[in-house]
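Visitor: So I've got this file, run.csv, and it contains CSV, C-alpha atoms:
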```
chain,number,residue,atom,x,y,z
A,1,MET,CA,114.5,109.4,-126.0
A,2,PRO,CA,115.1,110.8,-122.5
A,3,ARG,CA,112.2,109.0,-121.0
A,4,ILE,CA,113.6,105.6,-121.9
A,5,VAL,CA,117.1,106.6,-120.7
A,6,ASP,CA,115.6,107.8,-117.5
A,7,HIS,CA,113.6,104.6,-117.1
A,8,ALA,CA,116.6,102.4,-117.5
A,9,ARG,CA,118.7,104.6,-115.3
A,10,ARG,CA,116.1,104.6,-112.6
A,11,ARG,CA,115.8,100.8,-112.7
A,12,GLU,CA,119.5,100.5,-112.3
A,13,GLU,CA,119.6,102.9,-109.4
A,14,ILE,CA,116.9,100.9,-107.7
A,15,ALA,CA,118.8,97.6,-108.4
A,16,ARG,CA,121.9,99.1,-106.8
A,17,LEU,CA,119.8,100.1,-103.8
A,18,ALA,CA,118.3,96.6,-103.6
A,19,VAL,CA,121.7,95.0,-103.7
A,20,GLN,CA,122.9,97.2,-100.9
A,21,VAL,CA,119.8,96.4,-98.7
A,22,ILE,CA,120.1,92.7,-99.4
A,23,GLN,CA,123.8,92.7,-98.6
A,24,GLN,CA,123.5,94.7,-95.4
A,25,GLU,CA,120.3,93.4,-94.0
A,26,GLY,CA,119.8,90.0,-95.6
A,27,SER,CA,117.4,88.9,-98.3
A,28,GLU,CA,114.5,88.4,-95.9
A,29,SER,CA,114.5,92.0,-94.8
A,30,ALA,CA,114.8,93.3,-98.3
A,31,THR,CA,111.1,93.8,-99.0
A,32,VAL,CA,109.9,96.3,-101.6
A,33,ARG,CA,108.8,98.5,-98.7
A,34,ARG,CA,112.3,98.4,-97.1
A,35,ILE,CA,114.0,99.1,-100.4
A,36,ALA,CA,111.7,102.0,-101.1
A,37,GLN,CA,112.4,103.4,-97.7
A,38,ALA,CA,116.1,103.0,-98.1
A,39,GLY,CA,116.0,105.1,-101.3
A,40,GLY,CA,113.5,107.6,-100.0
A,41,PHE,CA,110.9,106.6,-102.6
A,42,SER,CA,107.3,105.8,-102.1
A,43,ILE,CA,106.3,102.2,-102.6
A,44,GLY,CA,104.4,103.4,-105.6
A,45,VAL,CA,107.6,104.6,-107.3
A,46,LEU,CA,109.2,101.2,-106.9
A,47,THR,CA,106.2,99.3,-108.1
A,48,HIS,CA,106.1,101.6,-111.1
A,49,TYR,CA,109.5,100.1,-112.1
A,50,PHE,CA,109.1,96.5,-110.7
A,51,LYS,CA,106.1,94.4,-110.5
A,52,ASP,CA,107.1,92.7,-107.3
A,53,LYS,CA,110.1,91.6,-105.2
A,54,ASP,CA,110.9,88.7,-107.5
A,55,GLU,CA,111.2,90.9,-110.5
A,56,LEU,CA,113.4,93.3,-108.5
A,57,VAL,CA,115.7,90.5,-107.3
A,58,ALA,CA,116.0,89.1,-110.8
A,59,PHE,CA,116.9,92.5,-112.2
A,60,ALA,CA,119.3,93.3,-109.3
A,61,PHE,CA,121.0,89.9,-109.8
A,62,GLN,CA,121.4,90.4,-113.5
A,63,TRP,CA,122.8,93.9,-112.9
A,64,LEU,CA,125.3,92.5,-110.4
A,65,ALA,CA,126.2,89.6,-112.8
A,66,ARG,CA,126.8,92.1,-115.7
A,67,GLN,CA,129.2,94.0,-113.4
A,68,SER,CA,130.9,90.8,-112.3
A,69,PHE,CA,131.4,89.6,-115.8
A,70,ALA,CA,132.8,93.0,-116.8
A,71,ASP,CA,135.3,92.7,-113.9
A,72,LEU,CA,136.1,89.2,-115.0
A,73,GLU,CA,136.8,90.4,-118.5
A,74,ALA,CA,139.1,93.1,-117.1
A,75,ALA,CA,140.9,90.6,-114.8
A,76,VAL,CA,141.6,88.1,-117.7
A,77,ALA,CA,142.6,90.8,-120.1
A,78,ALA,CA,145.5,91.5,-117.8
A,79,VAL,CA,147.0,88.1,-118.2
A,80,PRO,CA,148.0,86.3,-121.4
A,81,PRO,CA,145.7,83.7,-122.9
A,82,GLY,CA,146.3,80.1,-121.8
A,83,LEU,CA,146.5,78.4,-118.5
A,84,ALA,CA,147.3,81.6,-116.6
A,85,ARG,CA,144.1,83.2,-117.9
A,86,LEU,CA,142.0,80.1,-117.1
A,87,ARG,CA,143.4,80.1,-113.5
A,88,THR,CA,142.7,83.8,-113.2
A,89,ALA,CA,139.1,83.3,-114.2
A,90,LEU,CA,138.7,80.4,-111.7
A,91,GLU,CA,140.3,82.4,-108.9
A,92,PHE,CA,138.1,85.4,-109.7
A,93,MET,CA,135.0,83.3,-109.1
A,94,VAL,CA,136.2,82.3,-105.6
A,95,PRO,CA,136.8,85.7,-103.9
A,96,ALA,CA,137.6,86.0,-100.2
A,97,ALA,CA,134.5,86.1,-98.1
A,98,GLY,CA,132.9,89.5,-97.9
A,99,THR,CA,134.7,90.9,-101.0
A,100,ARG,CA,132.6,91.5,-104.2
A,101,SER,CA,130.0,89.5,-102.3
A,102,PHE,CA,127.4,88.0,-104.5
A,103,ILE,CA,126.2,85.6,-102.0
A,104,ALA,CA,123.4,87.6,-100.3
A,105,VAL,CA,121.8,88.4,-103.6
A,106,TRP,CA,122.4,84.9,-104.9
A,107,ILE,CA,120.7,83.4,-101.9
A,108,SER,CA,117.7,85.6,-102.5
A,109,LEU,CA,117.7,84.5,-106.1
A,110,TRP,CA,117.9,80.8,-105.1
A,111,GLY,CA,115.2,81.2,-102.5
A,112,GLY,CA,112.9,82.6,-105.2
A,113,ALA,CA,114.1,80.2,-108.0
A,114,MET,CA,112.6,77.2,-106.2
A,115,ARG,CA,109.1,78.6,-106.7
A,116,ASN,CA,109.5,81.0,-109.6
A,117,PRO,CA,110.6,79.8,-113.1
A,118,ALA,CA,111.6,83.3,-114.1
A,119,LEU,CA,114.2,83.4,-111.4
A,120,ALA,CA,115.4,79.9,-112.2
A,121,ARG,CA,116.0,81.2,-115.8
A,122,VAL,CA,118.1,84.1,-114.5
A,123,HIS,CA,120.2,81.5,-112.6
A,124,ARG,CA,120.6,79.4,-115.8
A,125,ALA,CA,121.6,82.4,-117.9
A,126,PHE,CA,124.4,83.2,-115.5
A,127,TYR,CA,125.8,79.7,-115.6
A,128,ALA,CA,125.4,79.5,-119.4
A,129,ARG,CA,127.6,82.6,-119.7
A,130,TRP,CA,130.1,81.3,-117.2
A,131,ARG,CA,130.4,78.0,-119.1
A,132,ARG,CA,131.0,79.9,-122.4
A,133,TYR,CA,133.9,81.8,-120.7
A,134,LEU,CA,135.4,78.5,-119.5
A,135,ARG,CA,135.0,76.9,-122.9
A,136,ARG,CA,137.0,79.8,-124.4
A,137,PHE,CA,139.7,79.8,-121.8
A,138,LEU,CA,140.1,76.0,-122.0
A,139,GLY,CA,140.3,76.2,-125.7
A,140,GLU,CA,143.0,78.9,-125.6
A,141,ALA,CA,145.1,76.9,-123.1
A,142,ALA,CA,144.7,73.7,-125.1
A,143,ARG,CA,145.7,75.3,-128.4
A,144,ARG,CA,148.9,76.5,-126.6
A,145,GLY,CA,149.6,73.0,-125.4
A,146,GLU,CA,149.5,74.2,-121.8
A,147,LEU,CA,147.0,71.5,-120.7
A,148,ALA,CA,146.0,68.1,-121.6
A,149,VAL,CA,143.0,68.3,-123.9
A,150,PRO,CA,140.2,66.9,-121.8
A,151,ARG,CA,138.6,63.7,-123.1
A,152,SER,CA,135.4,65.6,-122.9
A,153,THR,CA,135.2,69.4,-122.8
A,154,PRO,CA,131.6,69.5,-121.5
A,155,ASP,CA,132.6,67.2,-118.6
A,156,ALA,CA,135.6,69.3,-117.9
A,157,ILE,CA,133.5,72.5,-117.9
A,158,ASP,CA,130.8,71.0,-115.6
A,159,LEU,CA,133.4,69.7,-113.2
A,160,LEU,CA,135.2,73.1,-113.0
A,161,VAL,CA,131.9,74.9,-112.6
A,162,ALA,CA,130.8,72.5,-109.8
A,163,GLY,CA,134.2,72.6,-108.0
A,164,ILE,CA,134.3,76.4,-108.1
A,165,ASP,CA,130.8,76.7,-106.8
A,166,GLY,CA,131.6,74.4,-103.9
A,167,LEU,CA,134.8,76.3,-103.1
A,168,TRP,CA,133.0,79.5,-103.3
A,169,ILE,CA,130.4,78.3,-100.7
A,170,GLY,CA,133.2,77.0,-98.6
A,171,ALA,CA,135.1,80.3,-98.8
A,172,THR,CA,131.9,82.2,-97.9
A,173,PHE,CA,130.8,80.2,-94.9
A,174,GLU,CA,134.2,78.8,-93.7
A,175,PRO,CA,136.5,81.7,-94.4
A,176,LEU,CA,139.1,80.6,-91.9
A,177,ARG,CA,139.3,77.1,-93.4
A,178,TYR,CA,139.5,78.4,-97.0
A,179,SER,CA,142.3,81.0,-96.8
A,180,THR,CA,143.5,82.8,-99.9
A,181,ARG,CA,146.4,80.4,-100.0
A,182,ARG,CA,144.3,77.4,-99.5
A,183,ARG,CA,141.7,78.5,-102.1
A,184,ARG,CA,144.5,79.0,-104.7
A,185,TRP,CA,146.0,75.7,-103.9
A,186,LEU,CA,142.7,73.8,-104.2
A,187,ILE,CA,141.9,75.6,-107.5
A,188,GLY,CA,145.3,74.4,-108.8
A,189,ARG,CA,144.5,70.8,-107.7
A,190,LEU,CA,141.0,71.0,-109.2
A,191,LEU,CA,142.5,72.2,-112.5
A,192,ALA,CA,145.2,69.5,-112.5
A,193,ALA,CA,142.6,66.9,-111.6
A,194,VAL,CA,140.1,67.9,-114.3
A,195,VAL,CA,142.4,68.8,-117.2
A,196,GLY,CA,145.2,66.4,-116.6
A,197,PRO,CA,148.8,66.3,-115.4
A,198,THR,CA,150.2,69.1,-117.6
A,199,ALA,CA,148.3,71.7,-115.7
A,200,GLY,CA,149.0,72.9,-112.3
A,201,ARG,CA,150.9,69.8,-110.9
A,202,GLY,CA,153.5,72.2,-109.6
A,203,GLY,CA,150.9,74.7,-109.7
A,204,ALA,CA,149.8,76.3,-106.4
B,1,MET,CA,111.7,62.8,-66.7
B,2,PRO,CA,108.6,63.3,-68.8
B,3,ARG,CA,108.9,67.1,-68.9
B,4,ILE,CA,112.3,66.9,-70.6
B,5,VAL,CA,111.1,64.2,-73.0
B,6,ASP,CA,108.0,66.3,-73.8
B,7,HIS,CA,110.2,69.4,-74.3
B,8,ALA,CA,112.5,67.6,-76.7
B,9,ARG,CA,109.6,66.0,-78.5
B,10,ARG,CA,107.8,69.3,-78.9
B,11,ARG,CA,110.9,71.0,-80.2
B,12,GLU,CA,111.2,68.2,-82.8
B,13,GLU,CA,107.6,68.5,-83.7
B,14,ILE,CA,108.0,72.3,-84.3
B,15,ALA,CA,111.2,71.6,-86.3
B,16,ARG,CA,109.3,69.2,-88.6
B,17,LEU,CA,106.6,71.9,-89.0
B,18,ALA,CA,109.2,74.6,-89.8
B,19,VAL,CA,110.8,72.4,-92.4
B,20,GLN,CA,107.5,71.8,-94.1
B,21,VAL,CA,106.6,75.5,-94.1
B,22,ILE,CA,110.1,76.5,-95.4
B,23,GLN,CA,109.9,73.8,-98.1
B,24,GLN,CA,106.3,74.7,-99.2
B,25,GLU,CA,106.3,78.4,-98.9
B,26,GLY,CA,110.0,79.4,-99.1
B,27,SER,CA,112.2,80.6,-96.3
B,28,GLU,CA,111.0,84.2,-96.4
B,29,SER,CA,107.5,83.2,-95.7
B,30,ALA,CA,108.5,81.0,-92.8
B,31,THR,CA,108.2,83.4,-90.0
B,32,VAL,CA,107.6,82.4,-86.4
B,33,ARG,CA,104.1,83.7,-86.8
B,34,ARG,CA,103.5,81.6,-89.9
B,35,ILE,CA,105.0,78.4,-88.4
B,36,ALA,CA,102.9,78.8,-85.3
B,37,GLN,CA,99.8,79.3,-87.4
B,38,ALA,CA,100.6,76.2,-89.5
B,39,GLY,CA,100.8,74.1,-86.3
B,40,GLY,CA,97.8,75.7,-84.7
B,41,PHE,CA,99.9,77.1,-81.8
B,42,SER,CA,100.0,80.5,-80.4
B,43,ILE,CA,103.2,82.5,-81.1
B,44,GLY,CA,103.8,82.3,-77.3
B,45,VAL,CA,104.1,78.5,-77.5
B,46,LEU,CA,106.6,78.7,-80.2
B,47,THR,CA,108.7,81.4,-78.5
B,48,HIS,CA,108.6,79.2,-75.4
B,49,TYR,CA,110.7,76.7,-77.3
B,50,PHE,CA,112.7,78.9,-79.6
B,51,LYS,CA,114.1,82.3,-78.9
B,52,ASP,CA,113.6,83.5,-82.5
B,53,LYS,CA,113.5,82.4,-86.1
B,54,ASP,CA,117.3,81.9,-86.3
B,55,GLU,CA,117.3,79.5,-83.4
B,56,LEU,CA,114.3,77.7,-85.0
B,57,VAL,CA,116.1,77.5,-88.4
B,58,ALA,CA,119.3,76.2,-86.7
B,59,PHE,CA,117.4,73.5,-84.9
B,60,ALA,CA,115.3,72.5,-87.9
B,61,PHE,CA,118.5,72.3,-90.0
B,62,GLN,CA,120.2,70.1,-87.4
B,63,TRP,CA,117.2,67.9,-87.2
B,64,LEU,CA,117.1,67.5,-91.0
B,65,ALA,CA,120.8,66.9,-91.1
B,66,ARG,CA,120.6,64.2,-88.5
B,67,GLN,CA,117.9,62.5,-90.5
B,68,SER,CA,119.9,62.8,-93.7
B,69,PHE,CA,123.1,61.3,-92.2
B,70,ALA,CA,120.9,58.5,-90.8
B,71,ASP,CA,119.7,57.9,-94.3
B,72,LEU,CA,123.2,58.1,-95.6
B,73,GLU,CA,124.3,55.5,-93.1
B,74,ALA,CA,121.5,53.2,-94.2
B,75,ALA,CA,122.4,53.7,-97.9
B,76,VAL,CA,126.1,52.9,-97.4
B,77,ALA,CA,125.4,50.0,-95.1
B,78,ALA,CA,123.7,48.3,-98.1
B,79,VAL,CA,126.9,48.3,-100.2
B,80,PRO,CA,130.3,46.7,-99.4
B,81,PRO,CA,133.0,49.0,-98.1
B,82,GLY,CA,135.3,50.4,-100.8
B,83,LEU,CA,134.8,52.3,-104.0
B,84,ALA,CA,131.2,51.3,-104.3
B,85,ARG,CA,130.4,52.7,-100.9
B,86,LEU,CA,132.3,55.9,-101.6
B,87,ARG,CA,130.3,56.4,-104.8
B,88,THR,CA,127.0,55.6,-103.0
B,89,ALA,CA,127.8,58.3,-100.5
B,90,LEU,CA,128.6,60.9,-103.2
B,91,GLU,CA,125.5,60.0,-105.2
B,92,PHE,CA,123.4,60.2,-102.0
B,93,MET,CA,124.5,63.8,-101.6
B,94,VAL,CA,123.3,64.8,-105.1
B,95,PRO,CA,119.7,63.7,-105.2
B,96,ALA,CA,117.3,64.5,-108.0
B,97,ALA,CA,115.8,68.0,-107.6
B,98,GLY,CA,112.8,67.9,-105.3
B,99,THR,CA,113.6,64.6,-103.6
B,100,ARG,CA,114.8,64.7,-100.0
B,101,SER,CA,115.1,68.4,-100.6
B,102,PHE,CA,117.4,70.2,-98.2
B,103,ILE,CA,117.8,73.2,-100.3
B,104,ALA,CA,115.0,75.4,-99.0
B,105,VAL,CA,116.1,74.9,-95.4
B,106,TRP,CA,119.8,75.3,-96.4
B,107,ILE,CA,119.1,78.6,-98.2
B,108,SER,CA,117.4,79.8,-95.0
B,109,LEU,CA,120.4,78.7,-93.0
B,110,TRP,CA,122.8,80.4,-95.4
B,111,GLY,CA,120.8,83.6,-95.5
B,112,GLY,CA,121.0,83.7,-91.7
B,113,ALA,CA,124.7,82.5,-91.5
B,114,MET,CA,125.9,85.7,-93.2
B,115,ARG,CA,124.9,87.7,-90.2
B,116,ASN,CA,124.6,85.2,-87.4
B,117,PRO,CA,127.7,83.2,-86.2
B,118,ALA,CA,125.6,80.6,-84.5
B,119,LEU,CA,124.1,79.6,-87.8
B,120,ALA,CA,127.5,79.6,-89.5
B,121,ARG,CA,128.6,77.1,-86.8
B,122,VAL,CA,125.7,74.8,-87.7
B,123,HIS,CA,126.8,75.0,-91.3
B,124,ARG,CA,130.4,74.1,-90.3
B,125,ALA,CA,129.3,71.2,-88.1
B,126,PHE,CA,127.5,69.7,-91.0
B,127,TYR,CA,130.5,69.9,-93.3
B,128,ALA,CA,132.8,68.6,-90.6
B,129,ARG,CA,130.7,65.5,-90.3
B,130,TRP,CA,130.4,65.1,-94.0
B,131,ARG,CA,134.2,65.3,-94.3
B,132,ARG,CA,134.6,62.6,-91.6
B,133,TYR,CA,132.4,60.3,-93.6
B,134,LEU,CA,134.4,60.9,-96.8
B,135,ARG,CA,137.7,60.3,-94.9
B,136,ARG,CA,136.3,57.0,-93.7
B,137,PHE,CA,135.1,55.8,-97.1
B,138,LEU,CA,138.3,57.0,-98.9
B,139,GLY,CA,140.3,55.0,-96.3
B,140,GLU,CA,138.2,51.9,-96.8
B,141,ALA,CA,138.6,52.1,-100.6
B,142,ALA,CA,142.3,52.8,-100.4
B,143,ARG,CA,143.0,49.9,-98.1
B,144,ARG,CA,141.2,47.6,-100.5
B,145,GLY,CA,143.4,48.9,-103.3
B,146,GLU,CA,140.4,50.2,-105.2
B,147,LEU,CA,141.7,53.7,-105.7
B,148,ALA,CA,145.0,55.4,-106.0
B,149,VAL,CA,145.9,56.7,-102.6
B,150,PRO,CA,145.6,60.5,-103.0
B,151,ARG,CA,148.7,62.5,-102.6
B,152,SER,CA,146.9,64.5,-100.0
B,153,THR,CA,143.7,63.2,-98.4
B,154,PRO,CA,142.6,66.6,-97.1
B,155,ASP,CA,142.9,68.0,-100.7
B,156,ALA,CA,140.9,65.0,-102.0
B,157,ILE,CA,138.2,65.5,-99.4
B,158,ASP,CA,137.9,69.2,-100.0
B,159,LEU,CA,137.7,68.7,-103.8
B,160,LEU,CA,135.1,66.0,-103.4
B,161,VAL,CA,133.0,68.2,-101.0
B,162,ALA,CA,133.3,71.2,-103.4
B,163,GLY,CA,132.5,69.2,-106.5
B,164,ILE,CA,129.5,67.5,-104.9
B,165,ASP,CA,128.2,70.9,-103.6
B,166,GLY,CA,128.4,72.3,-107.0
B,167,LEU,CA,126.7,69.4,-108.7
B,168,TRP,CA,124.0,69.5,-106.0
B,169,ILE,CA,123.3,73.2,-106.8
B,170,GLY,CA,123.3,72.4,-110.5
B,171,ALA,CA,120.9,69.5,-110.0
B,172,THR,CA,118.6,71.7,-107.9
B,173,PHE,CA,118.4,74.7,-110.2
B,174,GLU,CA,119.1,73.0,-113.6
B,175,PRO,CA,117.4,69.7,-113.2
B,176,LEU,CA,117.0,69.1,-117.0
B,177,ARG,CA,120.7,69.6,-117.5
B,178,TYR,CA,121.7,67.4,-114.7
B,179,SER,CA,119.7,64.2,-115.2
B,180,THR,CA,120.2,61.2,-113.0
B,181,ARG,CA,122.4,59.7,-115.7
B,182,ARG,CA,124.4,62.9,-116.1
B,183,ARG,CA,124.9,63.3,-112.3
B,184,ARG,CA,126.1,59.8,-112.0
B,185,TRP,CA,128.5,60.2,-114.9
B,186,LEU,CA,129.9,63.4,-113.5
B,187,ILE,CA,130.3,61.9,-110.0
B,188,GLY,CA,132.3,59.1,-111.7
B,189,ARG,CA,134.5,61.7,-113.5
B,190,LEU,CA,135.0,63.7,-110.3
B,191,LEU,CA,136.0,60.6,-108.4
B,192,ALA,CA,138.4,59.6,-111.2
B,193,ALA,CA,139.9,63.1,-111.4
B,194,VAL,CA,140.4,63.4,-107.7
B,195,VAL,CA,141.5,60.0,-106.6
B,196,GLY,CA,143.3,58.9,-109.7
B,197,PRO,CA,143.0,56.7,-112.7
B,198,THR,CA,142.1,53.5,-110.8
B,199,ALA,CA,138.7,54.8,-109.8
B,200,GLY,CA,135.8,55.3,-112.1
B,201,ARG,CA,137.6,55.5,-115.5
B,202,GLY,CA,135.1,53.0,-116.7
B,203,GLY,CA,132.8,54.3,-114.1
B,204,ALA,CA,129.5,55.7,-115.1
```
Starting from the file, lay out its structure as structure tokens.

Guide:
Amino acid sequence: MPRIVDHARRREEIARLAVQVIQQEGSESATVRRIAQAGGFSIGVLTHYFKDKDELVAFAFQWLARQSFADLEAAVAAVPPGLARLRTALEFMVPAAGTRSFIAVWISLWGGAMRNPALARVHRAFYARWRRYLRRFLGEAARRGELAVPRSTPDAIDLLVAGIDGLWIGATFEPLRYSTRRRRWLIGRLLAAVVGPTAGRGGA
Amino acid sequence: MPRIVDHARRREEIARLAVQVIQQEGSESATVRRIAQAGGFSIGVLTHYFKDKDELVAFAFQWLARQSFADLEAAVAAVPPGLARLRTALEFMVPAAGTRSFIAVWISLWGGAMRNPALARVHRAFYARWRRYLRRFLGEAARRGELAVPRSTPDAIDLLVAGIDGLWIGATFEPLRYSTRRRRWLIGRLLAAVVGPTAGRGGA
């Protein structure tokens, strides 16, 4: 079914382009017109694949998320299951400012999600998946006796997700304050605080 | 000096207008042209007071931040110093979605801060002030023996700031998941986790 393959490929190509434009020029400049221009398409080609900018942003974000989770899988596969893997996952989600930067696309998604429920759903799907990973890594570490089993796993997951989001924002907009060393240290403190004294006390 | 007063007043009036437009229509629609239109000004009037959209967003954000910190002061003045005041401050910063909503203006600021150092400075000034408040409230609670003195106050502050930011994002985009009850509970858990077992164990 070459037509379908082509369609999927072309959408992906446009998503990649949209991500580039959003990252380089900011989400406000990344209009359908500008993205078409950057790719040398007519606006008509773009609107054949995407209804409007919101749909394009949603697709671009999902595409970027898929790639990021694939990278996360690769990063955690390189360390043994348990506390080390949990830490690796948390550190993966707080990269240095500018590297693997999701932020521009995320801000575009957030900007839209306030008015568009479809974009809010994309946001929620991302977090649901991220929480499932954390549940798995917490479980692996707990079964190995490497951390205190939290009194409530949902609480522990929500606190880890929240803390990591906050550190990620800090690292993005205050990169000097949140050096790699400082980010790692704080992730260790967060982990120790949330899953008890076994984990990370000596852990930065 | 009526001219100066008028100038300051007019800038504030425009900031208020910009905030309204950003909140109602999203940051991408909030161009200088649209804000001028909403206020019944010519674009020339607006550009007399603000160089460009970035300067306007920075000013609007600072204006909103000043108001929010004044509201925070009022909220914490109503409770005695100590753990109750610290909790009040943390809960103040994670309002229900839609109320006192900073998010639209913040997203506009973040969008700009990636490319404009002046906007990044506005972001940093907000967080510096928020950290000073937390330092004060943590100190008050510690002096009253209401919480375990954290091993490192800067760590405790950074973890509280990060956790609160993450919960605020969760509450904004997943309001059903982060009900008022759930937000309060998680803030209690965060506090207990970060400043030790004295605080909040029974605390939701």

Visitor: List as a ChimeraX atom specification: which residues have an atom within 10 Å of (127.2, 73.4, -91.8), counting all atoms listed in the file?

Guide: /A:170,173-174 /B:58,61-62,65,106,109-110,113,119-130

Visitor: Dump as a Markdown table the rows for residues of chain B within 6 Å of chain A: closest atom pair and distance in Å with one decimal, all atoms listed in the file counted, ordered by chain and rising residue number.

Guide:
```
| residue | atom | partner | partner_atom | distance |
| --- | --- | --- | --- | --- |
| B:Glu28 | CA | A:Glu28 | CA | 5.5 |
| B:Ala162 | CA | A:Gly166 | CA | 3.7 |
| B:Gly163 | CA | A:Gly163 | CA | 4.1 |
| B:Asp165 | CA | A:Gly166 | CA | 4.9 |
| B:Gly166 | CA | A:Ala162 | CA | 3.7 |
| B:Leu167 | CA | A:Ala162 | CA | 5.3 |
| B:Ala193 | CA | A:Ala193 | CA | 4.7 |
| B:Val194 | CA | A:Ala193 | CA | 5.7 |
```

Visitor: In Å to one decimal, how far is CA of Glu13 in chain A from CA of Phe41 in chain A?

Guide: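 Computed distance, CA of Phe41 in chain A to CA of Glu13 in chain A, equals 11.6 Å.
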
Visitor: What's the separation between CA of Ala75 in chain A and CA of Val21 in chain A, in Å to one decimal place?

Guide: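 Going from CA of Ala75 in chain A over to CA of Val21 in chain A covers 27.2 Å.
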
Visitor: Would you pick out the contacts of Ala96 in chain B at 8 Å or less, using only C-alpha atoms, so that residues sharing its chain but fewer than 6 positions from it are not included, and give the list as a list in words?

Guide: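 Neighbouring residues, sequence-local ones excluded: Ala171, Thr172, Pro175, Ser179 and Thr180 of chain B.
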
Visitor: Just the residues within 12 Å of Leu147 in chain A, please, counting only C-alpha atoms, with nothing from its chain fewer than 2 positions along; format it as an NGL selection string.

Guide: :A and (82-84 or 86-87 or 137-145 or 149-151 or 156 or 191-201)

Visitor: Suppose you want the space between CA of Pro81 in chain A and CA of Glu146 in chain A; what is it in Å?

Guide: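 The value is 10.3 Å.
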
Visitor: Would you list the contacts of Ile35 in chain A as a list in words, taking every protein, DNA or RNA residue within 9 Å and counting only C-alpha atoms, but skipping same-chain residues closer than 2 positions in sequence?

Guide: Ile14, Leu17, Ala18, Val21, Ile22, Ala30, Thr31, Val32, Arg33, Gln37, Ala38, Gly39, Gly40, Phe41, Ile43 and Leu46 of chain A

Visitor: Could you write out the selected residues, including C-alpha atoms, as a CSV table (one decimal), keeping the file's coordinate frame?

Guide:
```csv
chain,number,residue,atom,x,y,z
A,14,ILE,CA,116.9,100.9,-107.7
A,17,LEU,CA,119.8,100.1,-103.8
A,18,ALA,CA,118.3,96.6,-103.6
A,21,VAL,CA,119.8,96.4,-98.7
A,22,ILE,CA,120.1,92.7,-99.4
A,30,ALA,CA,114.8,93.3,-98.3
A,31,THR,CA,111.1,93.8,-99.0
A,32,VAL,CA,109.9,96.3,-101.6
A,33,ARG,CA,108.8,98.5,-98.7
A,37,GLN,CA,112.4,103.4,-97.7
A,38,ALA,CA,116.1,103.0,-98.1
A,39,GLY,CA,116.0,105.1,-101.3
A,40,GLY,CA,113.5,107.6,-100.0
A,41,PHE,CA,110.9,106.6,-102.6
A,43,ILE,CA,106.3,102.2,-102.6
A,46,LEU,CA,109.2,101.2,-106.9
```

Visitor: From the options A:Val79, A:Ala118, A:Leu134, A:Ala70, which residue's atoms come nearest to Val57 in chain A, counting only C-alpha atoms?

Guide: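 Result for the nearest residue to Val57 in chain A: A:Ala118.
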
Visitor: Rebuild range 31-42 of chain B so that it carries N, CA and C atoms, then output the result as a PDB file, keeping the file's coordinate frame.

Guide:
```pdb
ATOM      1  N   THR B  31     107.996  82.669 -91.223  1.00  0.00           N
ATOM      2  CA  THR B  31     108.200  83.400 -90.000  1.00  0.00           C
ATOM      3  C   THR B  31     107.708  82.616 -88.806  1.00  0.00           C
ATOM      4  N   VAL B  32     108.124  83.046 -87.617  1.00  0.00           N
ATOM      5  CA  VAL B  32     107.600  82.400 -86.400  1.00  0.00           C
ATOM      6  C   VAL B  32     106.112  82.398 -86.386  1.00  0.00           C
ATOM      7  N   ARG B  33     105.546  83.538 -86.770  1.00  0.00           N
ATOM      8  CA  ARG B  33     104.100  83.700 -86.800  1.00  0.00           C
ATOM      9  C   ARG B  33     103.453  82.625 -87.735  1.00  0.00           C
ATOM     10  N   ARG B  34     104.032  82.485 -88.950  1.00  0.00           N
ATOM     11  CA  ARG B  34     103.500  81.600 -89.900  1.00  0.00           C
ATOM     12  C   ARG B  34     103.599  80.099 -89.472  1.00  0.00           C
ATOM     13  N   ILE B  35     104.726  79.787 -88.852  1.00  0.00           N
ATOM     14  CA  ILE B  35     105.000  78.400 -88.400  1.00  0.00           C
ATOM     15  C   ILE B  35     103.994  78.082 -87.238  1.00  0.00           C
ATOM     16  N   ALA B  36     103.815  79.040 -86.349  1.00  0.00           N
ATOM     17  CA  ALA B  36     102.900  78.800 -85.300  1.00  0.00           C
ATOM     18  C   ALA B  36     101.459  78.600 -85.832  1.00  0.00           C
ATOM     19  N   GLN B  37     101.102  79.419 -86.803  1.00  0.00           N
ATOM     20  CA  GLN B  37      99.800  79.300 -87.400  1.00  0.00           C
ATOM     21  C   GLN B  37      99.600  77.932 -88.093  1.00  0.00           C
ATOM     22  N   ALA B  38     100.654  77.479 -88.808  1.00  0.00           N
ATOM     23  CA  ALA B  38     100.600  76.200 -89.500  1.00  0.00           C
ATOM     24  C   ALA B  38     100.370  75.051 -88.507  1.00  0.00           C
ATOM     25  N   GLY B  39     100.918  75.191 -87.298  1.00  0.00           N
ATOM     26  CA  GLY B  39     100.800  74.100 -86.300  1.00  0.00           C
ATOM     27  C   GLY B  39      99.603  74.317 -85.382  1.00  0.00           C
ATOM     28  N   GLY B  40      98.886  75.415 -85.563  1.00  0.00           N
ATOM     29  CA  GLY B  40      97.800  75.700 -84.700  1.00  0.00           C
ATOM     30  C   GLY B  40      98.205  76.061 -83.260  1.00  0.00           C
ATOM     31  N   PHE B  41      99.448  76.569 -83.109  1.00  0.00           N
ATOM     32  CA  PHE B  41      99.900  77.100 -81.800  1.00  0.00           C
ATOM     33  C   PHE B  41      99.735  78.562 -81.740  1.00  0.00           C
ATOM     34  N   SER B  42      99.833  79.076 -80.537  1.00  0.00           N
ATOM     35  CA  SER B  42     100.000  80.500 -80.400  1.00  0.00           C
ATOM     36  C   SER B  42     101.463  80.843 -80.593  1.00  0.00           C
TER      37      SER B  42
END
```
